[in-house]
Each structure stands twice: as structure tokens, then as C-alpha cells.
Amino acid sequence: AAAQGVDAIVSTLGVRNPRSPNDFILNATRALIAAAKHAGIRRVLLMSAFGVGASYKKASWIIRLGYHVAAAMFRDKEVGEEVLMSSDLDWTIAYPGVLTNGTHSGNFTTTDLNKLKGVPWLPRIARADVADFLLTAASNDTWNKHIVVIIGK
């Protein structure tokens with residue numbers, strides 16, 4: 001019912017305990033896809049985490065270490081992303097740097113994951129800037145069918 005009458009669905013779901021094996025993101029993504037199709041929504045955006053999937057190889061050693069600590073969470077996110085990418089929806093997956101509670105600055109970079117060579121140390125970005133990106137991307141097709149890395153400047 002929440003998907004009725006909207007132009008896009010944006011998911012920023014996560015788990016409280018990153019060490020707990022689960023399939024929360026996978027199940028939530030499946031439900032999100034079903035809701036979008038039922039409501040006739042084409043545009044779906046998913047905030048994930050840098051270090052998931054193909055971004056792992058482009059991460060700094062400290063991020064890769066975090067991946068091993070929270071491997072179950074990262075795997076759940078990866079499987080959820082695969083389900084979304086295999087759908088016929090107009091999806092965008094966002095990989096933000098380490099999230100902070102800073103104020104909105106509008107001062108961040110967006111890079112297609114395929115064009116990114118790597119990231120330094122622990123790149124950061126304010127949650128407010130990630131929200132800015134997600135809302136902007138939801139209203140246009142610039143990042144359709146792309147995985148986007150979002151890092152504060």
C-alpha cells in the first residue's frame with residue numbers, strides 16, 4: 001500500500017548487528033520489487049555499502065577488513081542487489097562512503113563503480129548528502145542501471 005501513488009521507491013534499509021547471518025536485505029528487496037511491480041513503479045533506488053560485490057576489489061585494506069568482520073551482512077546485501085539488477089526495473093544502487101551525521105553540504109562526488117579505480121582509506125559522507133543524491137537520482141534517469149559510489153569531498 002505504501003507504494004501506491006509514488007514515482008519511485010528508495011530503500012536505505014540495513015541491519016543492527018552486521019555479524020548476524022540473515023537474509024533481511026534479500027527478502028526486503030524481493031518485497032520491494034513485488035511492491036513496485038504491483039504499483040506500476042519503474043524507478044527503484046537501493047542504498048547498499050561500499051565493499052559489497054565488485055566494489056570489494058576497489059576498497060582500501062581497512063574497508064576490506066570491515067568486510068570480513070561483517071561478511072554475512074555484505075553477502076546479504078550482494079544477493080539483494082543481484083535480485084534487483086536482474087529485475088526489469090529502472091534501478092540504481094548507491095555505495096556511500098562511511099556515513100556520518102554531518103549536515104548537508106552538497107559537496108560530494110558520484111562515480112560509476114565501473115569507472116572507479118579505488119578509494120582512499122575510509123571515505124566519508126554525511127547521510128544528508130546521500131539523501132540528496134538518492135532524491136535527485138530518483139527524479140531522473142542519469143543513474144539508471146548503474147552502481148554509483150558517493151563520497152564526500
# chains A, B, ... in the order shown; residues from 1 in each chain; ligands from 1
>>> residues_around(residues="Gly51 of chain A", least_positions_apart="5", cutoff="7 Å", atoms="only C-alpha atoms", output="MDAnalysis selection string")
chainID A and resid 56 59 63:64 67
>>> residues_around(residues="Val119 of chain A", least_positions_apart="5", cutoff="12 Å", atoms="only C-alpha atoms", output="ChimeraX atom specification")
/A:50-51,55-64,95-98,109,111,113,124,149-152
>>> write_last_selection(atoms="N, CA, C and O atoms", output="mmCIF file, in the first residue's frame")
data_model
loop_
_atom_site.group_PDB
_atom_site.id
_atom_site.type_symbol
_atom_site.label_atom_id
_atom_site.label_comp_id
_atom_site.auth_asym_id
_atom_site.auth_seq_id
_atom_site.Cartn_x
_atom_site.Cartn_y
_atom_site.Cartn_z
ATOM 1 N N PHE A 50 29.695 0.396 0.403
ATOM 2 C CA PHE A 50 30.937 0.222 -0.337
ATOM 3 C C PHE A 50 31.663 -0.983 0.254
ATOM 4 O O PHE A 50 31.788 -1.120 1.461
ATOM 5 N N GLY A 51 32.134 -1.863 -0.618
ATOM 6 C CA GLY A 51 32.758 -3.110 -0.207
ATOM 7 C C GLY A 51 31.922 -4.313 -0.618
ATOM 8 O O GLY A 51 32.385 -5.442 -0.605
ATOM 9 N N SER A 55 32.690 -3.871 -5.736
ATOM 10 C CA SER A 55 33.407 -2.764 -5.094
ATOM 11 C C SER A 55 34.462 -3.266 -4.105
ATOM 12 O O SER A 55 35.365 -2.516 -3.737
ATOM 13 N N TYR A 56 34.373 -4.507 -3.691
ATOM 14 C CA TYR A 56 35.339 -5.055 -2.727
ATOM 15 C C TYR A 56 36.775 -4.899 -3.234
ATOM 16 O O TYR A 56 37.665 -4.506 -2.482
ATOM 17 N N LYS A 57 36.997 -5.184 -4.498
ATOM 18 C CA LYS A 57 38.343 -5.119 -5.068
ATOM 19 C C LYS A 57 38.870 -3.686 -5.154
ATOM 20 O O LYS A 57 40.064 -3.467 -5.289
ATOM 21 N N LYS A 58 37.970 -2.710 -5.079
ATOM 22 C CA LYS A 58 38.356 -1.310 -5.211
ATOM 23 C C LYS A 58 38.460 -0.620 -3.852
ATOM 24 O O LYS A 58 38.734 0.566 -3.775
ATOM 25 N N ALA A 59 38.219 -1.385 -2.799
ATOM 26 C CA ALA A 59 38.209 -0.833 -1.445
ATOM 27 C C ALA A 59 39.614 -0.824 -0.847
ATOM 28 O O ALA A 59 40.456 -1.644 -1.197
ATOM 29 N N SER A 60 39.827 0.084 0.090
ATOM 30 C CA SER A 60 41.095 0.121 0.822
ATOM 31 C C SER A 60 41.174 -1.103 1.736
ATOM 32 O O SER A 60 40.167 -1.765 2.006
ATOM 33 N N TRP A 61 42.342 -1.383 2.232
ATOM 34 C CA TRP A 61 42.512 -2.562 3.087
ATOM 35 C C TRP A 61 41.665 -2.469 4.345
ATOM 36 O O TRP A 61 41.168 -3.476 4.833
ATOM 37 N N ILE A 62 41.447 -1.274 4.864
ATOM 38 C CA ILE A 62 40.663 -1.120 6.087
ATOM 39 C C ILE A 62 39.186 -1.449 5.822
ATOM 40 O O ILE A 62 38.514 -2.036 6.655
ATOM 41 N N ILE A 63 38.688 -1.081 4.643
ATOM 42 C CA ILE A 63 37.307 -1.419 4.286
ATOM 43 C C ILE A 63 37.186 -2.925 4.083
ATOM 44 O O ILE A 63 36.214 -3.544 4.529
ATOM 45 N N ARG A 64 38.168 -3.515 3.441
ATOM 46 C CA ARG A 64 38.137 -4.983 3.237
ATOM 47 C C ARG A 64 38.172 -5.716 4.566
ATOM 48 O O ARG A 64 37.531 -6.745 4.738
ATOM 49 N N TYR A 95 26.526 3.215 -3.374
ATOM 50 C CA TYR A 95 27.544 2.789 -2.412
ATOM 51 C C TYR A 95 28.133 4.036 -1.772
ATOM 52 O O TYR A 95 29.064 4.632 -2.320
ATOM 53 N N PRO A 96 27.634 4.444 -0.620
ATOM 54 C CA PRO A 96 28.222 5.615 0.036
ATOM 55 C C PRO A 96 29.498 5.250 0.781
ATOM 56 O O PRO A 96 29.731 4.084 1.104
ATOM 57 N N GLY A 97 30.289 6.278 1.057
ATOM 58 C CA GLY A 97 31.416 6.095 1.965
ATOM 59 C C GLY A 97 30.871 5.876 3.368
ATOM 60 O O GLY A 97 29.663 5.690 3.559
ATOM 61 N N VAL A 98 31.731 5.921 4.358
ATOM 62 C CA VAL A 98 31.311 5.762 5.748
ATOM 63 C C VAL A 98 30.332 6.891 6.075
ATOM 64 O O VAL A 98 30.625 8.070 5.852
ATOM 65 N N THR A 109 31.146 13.635 -4.443
ATOM 66 C CA THR A 109 31.373 13.139 -5.796
ATOM 67 C C THR A 109 30.541 11.883 -6.024
ATOM 68 O O THR A 109 30.297 11.112 -5.094
ATOM 69 N N THR A 111 30.506 8.605 -8.723
ATOM 70 C CA THR A 111 31.289 7.932 -9.752
ATOM 71 C C THR A 111 30.687 6.570 -10.029
ATOM 72 O O THR A 111 30.383 5.825 -9.096
ATOM 73 N N LEU A 113 30.666 2.849 -10.507
ATOM 74 C CA LEU A 113 31.586 1.861 -9.955
ATOM 75 C C LEU A 113 32.539 1.311 -11.013
ATOM 76 O O LEU A 113 33.715 1.103 -10.742
ATOM 77 N N ARG A 124 34.315 9.338 3.662
ATOM 78 C CA ARG A 124 33.117 9.636 4.466
ATOM 79 C C ARG A 124 32.130 10.454 3.652
ATOM 80 O O ARG A 124 32.496 11.123 2.697
ATOM 81 N N VAL A 149 29.147 5.165 -6.660
ATOM 82 C CA VAL A 149 29.906 5.388 -5.439
ATOM 83 C C VAL A 149 29.772 6.861 -5.089
ATOM 84 O O VAL A 149 30.022 7.740 -5.918
ATOM 85 N N ILE A 150 29.375 7.141 -3.847
ATOM 86 C CA ILE A 150 29.135 8.511 -3.380
ATOM 87 C C ILE A 150 30.085 8.787 -2.216
ATOM 88 O O ILE A 150 30.021 8.114 -1.195
ATOM 89 N N ILE A 151 30.937 9.796 -2.401
ATOM 90 C CA ILE A 151 31.946 10.113 -1.392
ATOM 91 C C ILE A 151 31.971 11.622 -1.182
ATOM 92 O O ILE A 151 31.937 12.385 -2.131
ATOM 93 N N GLY A 152 32.051 12.026 0.067
ATOM 94 C CA GLY A 152 32.182 13.439 0.395
ATOM 95 C C GLY A 152 33.531 13.974 -0.047
ATOM 96 O O GLY A 152 34.512 13.244 -0.107
#
>>> atom_distance(atom1="atom CA of Ala28 of chain A", atom2="atom CA of Phe74 of chain A")
14.6 Å
>>> residues_around(residues="Lys77 of chain A", least_positions_apart="4", cutoff="7 Å", atoms="only C-alpha atoms", output="MDAnalysis selection string")
chainID A and resid 25:26 48 52 73 81
>>> closest_residue(among="A:His38, A:Lys145, A:Arg30, A:Lys117", to="Val79 of chain A", atoms="only C-alpha atoms")
A:Arg30
